[in-house]
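Working notes for the structure below.
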Amino acid sequence: MEELLNNPYVKAFIFTAIIVALFPLVAGYIVLLERKVLADLQVRLGPTRVGPYGFLQPLADAFKLLLKEDVIPAQADKWIFWFAPILSTFTALTAFAVLPLSDVFYVADVNIGILFVLAMSSIGILGIILGGWSSNSKYSLLGSLRSAAQMVSYEVPLGFAVVTGLMVAGTLSMQGIVQSQLEQGSWIAFSNYGLMLVPTVLFFISGVAETNRAPFDLPEAESEIVAGFHTEFSGFRFALYFLAEYAGIFVISSVGVTVFFGGWLPPFPSIEPLSQIFGIAFPVAVFGVLGLMCVRGVIKLVLTEQKLVMALIGGGMFLLASLFLIPSVNTLIIGLFWFLFKVFLVIYVFIWFRGIFPRYRYDQLMRVGWLYLIPISIGALIVNAAVLLWSRS
């Protein structure tokens, strides 16, 4: 069995199957997190009807989308209309192939991994363009053209920000980038005398625009073009586009965490006394608090079925907390914990942006990209390169 798992092809197949099977569920709960956070920002409760505190709402949403009628417009190009959402979803999920969730959990370690992720991100826009064009709708076409222009505008500063981080790391391998931060003893975002904070901020602003999220969600502006490129899509195809969007958010967040915030490394990886705190105490405290919140929920709930579901969730939280106390298991999962913890913090910031900032006008969107972000990213690249050469000489 051990020889089988050590086979790189078998390992890649197993992790690919796990990602494809689990990510739709993860995306559903990212949507639930978004709805709950936005509700909190707007002083509402959010979904509460399905399951305890709305915890089973993603399952209800999935069944609803799968059971809805899949309508194809009469004048649409049917084959391209059918293929477009599949292309967007396929490219978004393919990017997971080189994302190292930890030093153990990854599909493949490619020596040009970061270029592979950026290439998949660029190809994914074709699914949006084809979907908008094949719908034979002016609103869909306008949304897809906006998306293409937005990607061209914001891929440039995003690329410059990544290149600046790669200069510090000295490698294009995703695993190598994390290892370089381990050797340096600090995250890239805080290296080079703090100058790397500028490309870090530029990367995340460009990442919000790259994934068509508010306040850069011009391709699907409801008040202007109905629903943008997916106006004519319904049912399963509509679900595929949303899966691609949230997969893109996860991928961009993962790339940012890997390049700038140490990937699966805990905070202050070079300070040995803190390893016990961040390696054992912190994850145990996180899952322990979540378990106690579930216990409080069981006490407050009235329906027996909801009490049972919440009790099962709480038991799962306490079980996860106990796993970090077992040294052999802790070694396997501590990297995965820190990677996902950082990624979901970034996703929370994405959601927070949506709830706080109003949507840009189209001319403002272009102005921010071309007149501000691109010149600043080029300047940050030159300054960081000069300081890096000076410090190494």
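Quick note on naming: the chains in the structure tokens go A, B, ... in the order shown, residues restart at 1 in each chain, and ligands are numbered from 1 in order of appearance.
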Could you list, with a cut-off of 10 Å and counting only C-alpha atoms, the residues of region 167-258 of chain A near region 375-389 of chain A, each shown with its nearest atom pair and the distance in Å rounded to one decimal, rows sorted by chain and ascending number, as a tab-separated table?
```
residue	atom	partner	partner_atom	distance
A:Met167	CA	A:Ala385	CA	7.3
A:Val168	CA	A:Leu388	CA	7.5
A:Ser191	CA	A:Leu388	CA	9.9
A:Asn192	CA	A:Leu388	CA	6.7
A:Tyr193	CA	A:Val387	CA	8.7
A:Gly194	CA	A:Asn384	CA	9.8
A:Leu195	CA	A:Asn384	CA	6.6
A:Met196	CA	A:Asn384	CA	7.2
A:Leu197	CA	A:Ala380	CA	9.6
A:Val198	CA	A:Ala380	CA	6.7
A:Pro199	CA	A:Ser377	CA	6.4
A:Thr200	CA	A:Ser377	CA	9.9
A:Val201	CA	A:Ser377	CA	10.0
A:Leu202	CA	A:Ser377	CA	7.0
A:Phe203	CA	A:Ser377	CA	9.0
```
Grab the CA of Leu325 (chain A) to CA of Val178 (chain A) distance for me, in Å with one decimal place.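 These atoms are spaced 24.9 Å apart.
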So that I can check the surroundings of Ile129 (chain A), please list as a PyMOL selection string every protein, DNA and RNA residue that reaches within 9 Å of it, counting only C-alpha atoms and ignoring chain neighbours fewer than 5 positions away. chain A and resi 84+134+140-141+143-145+147-148+229
Region 81-132 of chain A residues near region 231-253 of chain A within 6 Å, closest pair each, using only C-alpha atoms, as CSV:
```
residue,atom,partner,partner_atom,distance
A:Pro85,CA,A:Tyr241,CA,5.5
A:Ser88,CA,A:Ala244,CA,5.8
A:Thr89,CA,A:Ala244,CA,4.4
A:Ala92,CA,A:Ala244,CA,5.7
```
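Near Tyr53 (chain A), within 9 Å and counting only C-alpha atoms, sit Leu45, Gly46, Pro47, Thr48, Gly297 and Gln306 of chain A; same-chain residues fewer than 5 positions away were not included.
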Option closest in space to Asp103 (chain A), from A:Gln179, A:Gln57, A:Ser254, A:Ser270 [counting only C-alpha atoms]: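 That would be A:Gln179, the residue with the smallest distance to Asp103 (chain A).
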Among A:Ile19, A:Val255, A:Ala12, A:Phe90, Leu118 (chain A) is approached most closely, using only C-alpha atoms, by A:Val255
Can you list every residue in region 98-340 of chain A that DSSP puts in helix (DSSP H, G or I), as a ChimeraX atom specification? /A:98,113-134,138-169,174-184,188-190,192-194,197-210,218-220,222-225,228-230,235-260,272-300,304-323,327-340
Nearby residues (only C-alpha atoms) at most 8 Å from Gly28 (chain A), same-chain spacing under 6 positions excluded, as a list in words: Pro58, Leu59 and Ala62 of chain A
Please produce a file of those selected residues containing N, CA and C atoms, as a tab-separated table (two decimals), in the first residue's frame.
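Written output follows (selection07.tsv):
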```tsv
chain	number	residue	atom	x	y	z
A	58	PRO	N	-26.39	25.18	1.43
A	58	PRO	CA	-25.71	24.86	0.17
A	58	PRO	C	-26.25	23.60	-0.50
A	59	LEU	N	-26.64	22.59	0.30
A	59	LEU	CA	-27.19	21.37	-0.29
A	59	LEU	C	-28.53	21.66	-0.96
A	62	ALA	N	-27.86	23.45	-4.22
A	62	ALA	CA	-27.36	22.54	-5.25
A	62	ALA	C	-28.50	21.73	-5.86
```
Restricting the calculation to only C-alpha atoms: of A:Ile123, A:Ala209, A:Val259, A:Ile30, which residue gets closest to Ala169 (chain A)? A:Val259
Test item: residues at most 12 Å from Gly176 (chain A), only C-alpha atoms, excluding those fewer than 4 positions along its chain, as a VMD selection string: chain A and resid 98 to 100 103 109 to 114 166 168 to 172 180 to 183 258 to 259 262 to 263
Keeping C-alpha atoms for every residue in the selection just given, could you write it to a file as a PDB file, in the first residue's frame?
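Final file, again21.pdb:
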```
ATOM      1  CA  VAL A  98       0.088  22.658  -8.962  1.00  0.00           C
ATOM      2  CA  LEU A  99      -1.273  24.293  -5.794  1.00  0.00           C
ATOM      3  CA  PRO A 100       0.583  22.866  -2.760  1.00  0.00           C
ATOM      4  CA  ASP A 103       4.245  19.775   1.963  1.00  0.00           C
ATOM      5  CA  ASP A 109       5.308  19.876  -8.194  1.00  0.00           C
ATOM      6  CA  VAL A 110       6.051  21.528 -11.548  1.00  0.00           C
ATOM      7  CA  ASN A 111       9.157  23.687 -11.960  1.00  0.00           C
ATOM      8  CA  ILE A 112       7.045  26.372 -13.704  1.00  0.00           C
ATOM      9  CA  GLY A 113       3.994  25.962 -11.467  1.00  0.00           C
ATOM     10  CA  ILE A 114       3.206  29.669 -11.111  1.00  0.00           C
ATOM     11  CA  LEU A 166       9.415  35.441  -7.670  1.00  0.00           C
ATOM     12  CA  VAL A 168      12.761  37.241  -3.908  1.00  0.00           C
ATOM     13  CA  ALA A 169      11.953  33.504  -3.973  1.00  0.00           C
ATOM     14  CA  GLY A 170      14.294  32.709  -6.871  1.00  0.00           C
ATOM     15  CA  THR A 171      12.108  29.941  -8.325  1.00  0.00           C
ATOM     16  CA  LEU A 172       8.892  29.379 -10.317  1.00  0.00           C
ATOM     17  CA  SER A 180      12.566  29.677   0.062  1.00  0.00           C
ATOM     18  CA  GLN A 181      10.430  31.476   2.659  1.00  0.00           C
ATOM     19  CA  LEU A 182      11.197  28.712   5.165  1.00  0.00           C
ATOM     20  CA  GLU A 183      14.930  29.185   4.529  1.00  0.00           C
ATOM     21  CA  THR A 258       1.774  30.763  -1.419  1.00  0.00           C
ATOM     22  CA  VAL A 259       3.812  33.584  -2.957  1.00  0.00           C
ATOM     23  CA  GLY A 262       4.361  31.498   3.311  1.00  0.00           C
ATOM     24  CA  GLY A 263       1.908  28.927   1.963  1.00  0.00           C
TER      25      GLY A 263
END
```
Atom-to-atom span, CA of Gly165 (chain A) and CA of Gly124 (chain A), Å: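 For CA of Gly165 (chain A) relative to CA of Gly124 (chain A), the distance reads 23.5 Å.
For the residues A:Leu41, A:Val302, A:Pro273, A:Ala281, ranking by smallest atom-to-atom distance to Ile356 (chain A) using only C-alpha atoms places A:Leu41 first.
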